[in-house]
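Q: There's a structure below that I have some questions on.
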Amino acid sequence: MPVEKPFHHRASPALKQTNKPFKSKFATKSTLKDKTKSKIQRKSPKFQVKAISSKSDRRNAAKQLQLKRREELIKANRFFEGRGGAPKCVAIIPLCTDVNAYDVITKIFATIDKSPPLVTKGITMLKAERFKQKIQFILLDRNFIDIMDACKAADFAIFVMSAEVEVDEFGERCLKGIQAQGAPSVIPIVMNLQVVPPKKRNDSKKSLLSFMNYFFPDEEKVHAVDVPQEALNILRIICTQRPKAVSGRDTHPYMLAEELAFEASAEDMNVGTLQVTGYARGVPFSANRLVHLQNFGDFQLKQIISCATSCDQKVNASEMVIDPEVLDVPNPDQMESLIAENEPDFMANEQTWPTQEELEENKARSQSKKPENIRDAQLEVKAKKSLKRVPKGTSSYQAAWIFNSESEGESEDSDQEMKYDDDDDTEEGRSHIDEEEYEDVELDDKKSLSIAYLEPEEEEQQLQEYMATREKQQREDLEFPDEVDTPLQIPARIRFQRYRGLQNFRKSPWDPFENLPIDYGRIFQFENYKRTSNRVMNEANLGAVKTGQHITLYIANVPKKVAESYDPTRPFIIFGLLQYEHRVSVLNFSVTRNSEYIEPVKSKDPLILHCGFRRYVVHPLYSQNTRGGKGTNNVHKFERFFNIGRTCIATIYGPIHFGSLPVMLFKDTGDVNAPILVATGFFHNADPKRIIAKRICLTGYPFKVHKKSAVVRYMFFNPDDVAWFKPVQLKTKHGRIGHIRESLGTHGYMKCVFDSPIKQQDTVMMNLYKRVFPKWNTTTLWDGGLDGKVKKIKMHSLHWCASRSPRKNISQPTNAAPHSFIQLKHSRNASNLFSPLTTRVQNTAERQTNTTVSSSSAIPISPTSPKPLKASAATVFSGPIQFASLTPHVRIVFPPSALIKVAKQTSTFNTGTSKSLPQGQRLVYSPQHFYQNRILDQYVTQSVNAITLRQLAFFGRNLTEDRLLQSGNYVRTELPIRLAHRIRDFQNLPFIVGTNPHIAMVYDLYWSAFEKLRRFPQIQTMEDNVSFCTTVKELLKEHLVVIPQLAMGMMECSQHIPPEQIDLFMNKMLRSRLSRRVLAEQQIALTENWHDSGYREDIINDGYIGVVSTQCHAKDIIKKVVSITQKLYQKTYGIPAPEVLIDGHVDTTFAYIPDHIEYILCELLKNSIRSVIEKYSPLISRQATNDCVSIRELSSSKLSQMSSSLPPITVTVCSGSNDIYFRVSDQGGGIPDEIYSNLWSFSSAHKSGDNTPSLNNKFVNFDKVPKMAGTVQEQESIPPLLHLGIGLPMSKVYAEYWGGGMKIFTMNGYGTDAYVKITRLGNREENLL
């Protein structure tokens, strides 16, 4: 029973009565004096009494304001008026596939009796004397980047729609992008209205207006340009209406280039002065400021001069033409520098004298370097795993590609225990520089790093699993934000040592200069960003160059690539920078997710940033956009995922911006015309002091509860962790606040006390925070704008109706997929054997007729294209370049320095590569054209239609002209598909392998052949077939270098790719090469035989149908191969070769391609003969190999004696019901175990004493064999002692191609038996895998 407290008569403050005080006017003087004690009497500026003005004063003020506005309007209009006025810039944007800008210009020119312009794309000028205006039209094609750039410089945007075809997905994407970046004055027009019935034309125009109002609500009318009067009204609107101001554009100088000239420098021909002529717009240009060239970067100006316009050049003879005048030159004291970042001085830190411990440690290190200690140290090193110093986030497999092997420090604490935590946590013993930039990765042995090559289906499945994992993480982040589990193996005080607790997230102090990364020593910070922004923007309005003046900018030190990439048919815009806008700082953007994009967006995911006139590839960090201000400590919570419906702040390192600039974030899809809009927003500020705090929430669960106290478990697992985090405040999901009182036991149980009673089902949470920073060198200039591909898709006709709503009921344009090829089972009937081939040709023809692709979009600039560099994005290396790795979701970033290092290391093997390339072609590495090619994707998605040997034979037996043309079309459509699959295999190789000159050369050859074959028109006549066969012959001749180059490239890259993957890659390449050569040579042979009058008799006598022989005699083939090989070794050794015995079913006859079986038997007999001679005549083999003593000096009796002592080689033939077997048996001593284990490998090499592959001899041997066709005829020109190391693997490829096989059994010390199986019936399909 509780004890009753005694009663006390004491006035409680809570019960004390307080009366309402008197108002101030009734207060006494002493009260007022006390209130105003120590205060300064001043007048408040907010509540000043305004002077009473008379009616005439108010009228005069209104009149002055009206005059001021009128002067501003006249000044703005005067900018476009007069002979020296600037023209109005109008961009014509086609939104549908059946309209174009040139038709619109033609109709507008016709309204004032002007002939249509000569140019169909690019910039054209119209001088309208009727309206006393000049108009500069930009004729655009369906290129997304060109449309976005043109709208940045245009005063008007004419959106061209069709009354017959809907606005497709590309058109809607352009409208969204223009709406997000800020649109100029909009004029919607419609074409092809005459095809609509007259009574429904108004309904069509209303429907189009409703559609446009979804993006631009202020538009009131859609003009029909087909009607002359409305076309004239469009011209009148352009000439009389004042252009709309665009936010973020008018605060900067900019120019639409009309002419461009390049003057190379005397010191370096690749760098020079770029002269750009055009009208100055926006604020005045200044020679002291930098200019920005999109896709290339920032540059300095040499001078700015005036330039005469076309109107000035047509003055009367009595007037004088004004010479160009220098308007502005840079002042060396005020000129903006090209230095973008600061160089931190690492030696500026405090230097101290070494301590006694450090001196002793150095002494011990010196003792370990003595000779007697080296062996022990080496043994210890061999027992340990090697460490490599790599950028953070690099896996062990990726670390094997990096050349530098510096390793120091301790290994970084893994983040596997934390589900969502990134690679920001490090151990305490490491310096802060290493914590933020690098980590140590353990490299296991080669077997642990090797991975199996993935099939496309398995790779696609793994991609789907990865995307599902990301979606699951996003859902869990929404449901349980920031919750993590405490690891069992690592103490929490070590795992979360960089985290801190905050009592109040908005008000607890946090020093913004505490523990900053070294990257903050490279950036710039303003003392007051807003004040600096206002000053810089006010100073930008002052300049010697008047707005609207026709000028020429002389831009210094510009790469020649800029001039080479210039295309007059595309807009080229120069943007001027304000002061400090080249310097790098921490940029913050306020962005909102696009609701139509539903995939998860994670922090640090790569995106393309469009900010004003700049475009970058960024990896932003997302944080909360705090409502009602930033709080007192400027701390903002880090967001792991950018969720839909939220507005976040995206933070990156980047060049400074001034003004309110629009921002768009796109996801790169590989197609420059199909980026995915992820978010839109605006530039917030440049504030390095903004703290982004990552929160983690450690959770525990009440074990026992008693009123306000509870025993909590599972938050920690040892008492030391409980004591470490004891000062941190606790919270519960039901709103209780408490703290840790003491630890209980040894398993992490703890007693906690809360401010109110706690429930058993509640969850106890501890919030910890740490500051995170953006990654350095992840903001790179995006050069995708150099891609001039045009979006052209054949759309279905569809009339507009007035009942459609503006957006929701618009059906998506149906981009019909190519007709799927009908896969028919191969019939055993001879008349139907070739039916799948005919069906495929017909389906391909239908697909080509139903799909219209323009020439510019159908063939993007490939790495092997000999077109000029002005249309290729592969010529720019402005920053780190991303290349795909083995898996679709992992991307490795190599800076240009790494690329140069790779080039230097691979240049030692570049023997004759450049001479072997066709004229006009060169090796170019670009992710835009190497990995992302939509045309290639169309062919890769098509499956290969495998054929059988029986089909080839029966189809050519009863050959007619129609069947020959069908065969030619099948080969024409099949070869590009097979080439496309192999090109994709090249693209799936690691980047460092792709930089090898031999691999790159083969890739060039394959890509060139792919382009030639897919462009070849349909074969309709015999002349077309002859032309096609001529093209294929040339390609076969060019590709004779493929086998040596592939083998050399793969062996050079054996350190960077697992041996299993090399063998898989080479087998695929050689089998596909063999299949293509069979198809090509069969078509060539059939064509040649068709023109031979005695073709029918040859079939009866010789049995040849193209390259297939239906009467292959086993005995004759063996004798032919034996004769060739014996002559080779007799010529080499000077003695008769061992005797070859033939037994078994020697009279067997079968249908096969003779070159294949001859090559297999030739390789086997060569190995057998050489092994027998080397075992039983070691003196001869040693003399022949070392060339120490001439063979001819030996006596003939000695030679005959050696020859008779050689045991014979036996070739046995076995004829079965379905297969035929060949066995080659010799007594050459067998194959050693170290060689036998790698018998079928393309990457195997003998090991030297230092465990490094000895590949130099193989390289020399391949230099002696620059070309290889893989036939027995070329064996006579290759010395038999020239060991290449790929004979047996290639023989196995030949044997397995038609469904056969090859095996070798050896008895070390006695001999070897090799078995070859080939199909007898010829009904097995090609083995292409």
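Identifiers in this document derive from the order of the structure tokens: chains are assigned A, B, ..., residues are numbered from 1 separately in each chain, and ligands are numbered from 1 in order of occurrence.
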When DSSP works through the backbone of this structure, what residues of range 147-240 of chain A end up as alpha helix (DSSP H), shown as a ChimeraX atom specification?

A: /A:147-153,169-181,201-215,228-240

Q: Please identify all polymer residues within 9 Å of Lys176 in chain A, counting only C-alpha atoms, omitting same-chain residues fewer than 4 positions from it, and present them as JSON, numbers by chain.

A: {"A": [171, 172, 180, 181, 215, 677]}

Q: For Thr1319 in chain A, work out the shell of residues within 7 Å, counting only C-alpha atoms and skipping chain neighbours fewer than 4 positions away, then give it as a count of residues only.

A: 6

Q: Just want the 8 Å neighbourhood of Pro1154 in chain A, counted on only C-alpha atoms, with same-chain residues fewer than 4 positions away dropped. Output as a CSV table (one decimal) with C-alpha atoms, in the first residue's frame.

A:
```
chain,number,residue,atom,x,y,z
A,1108,VAL,CA,29.8,-31.4,-101.7
A,1109,SER,CA,31.1,-34.6,-103.1
A,1112,CYS,CA,34.0,-39.5,-101.5
A,1117,ILE,CA,41.3,-39.4,-99.6
A,1158,GLU,CA,41.2,-34.1,-95.7
```
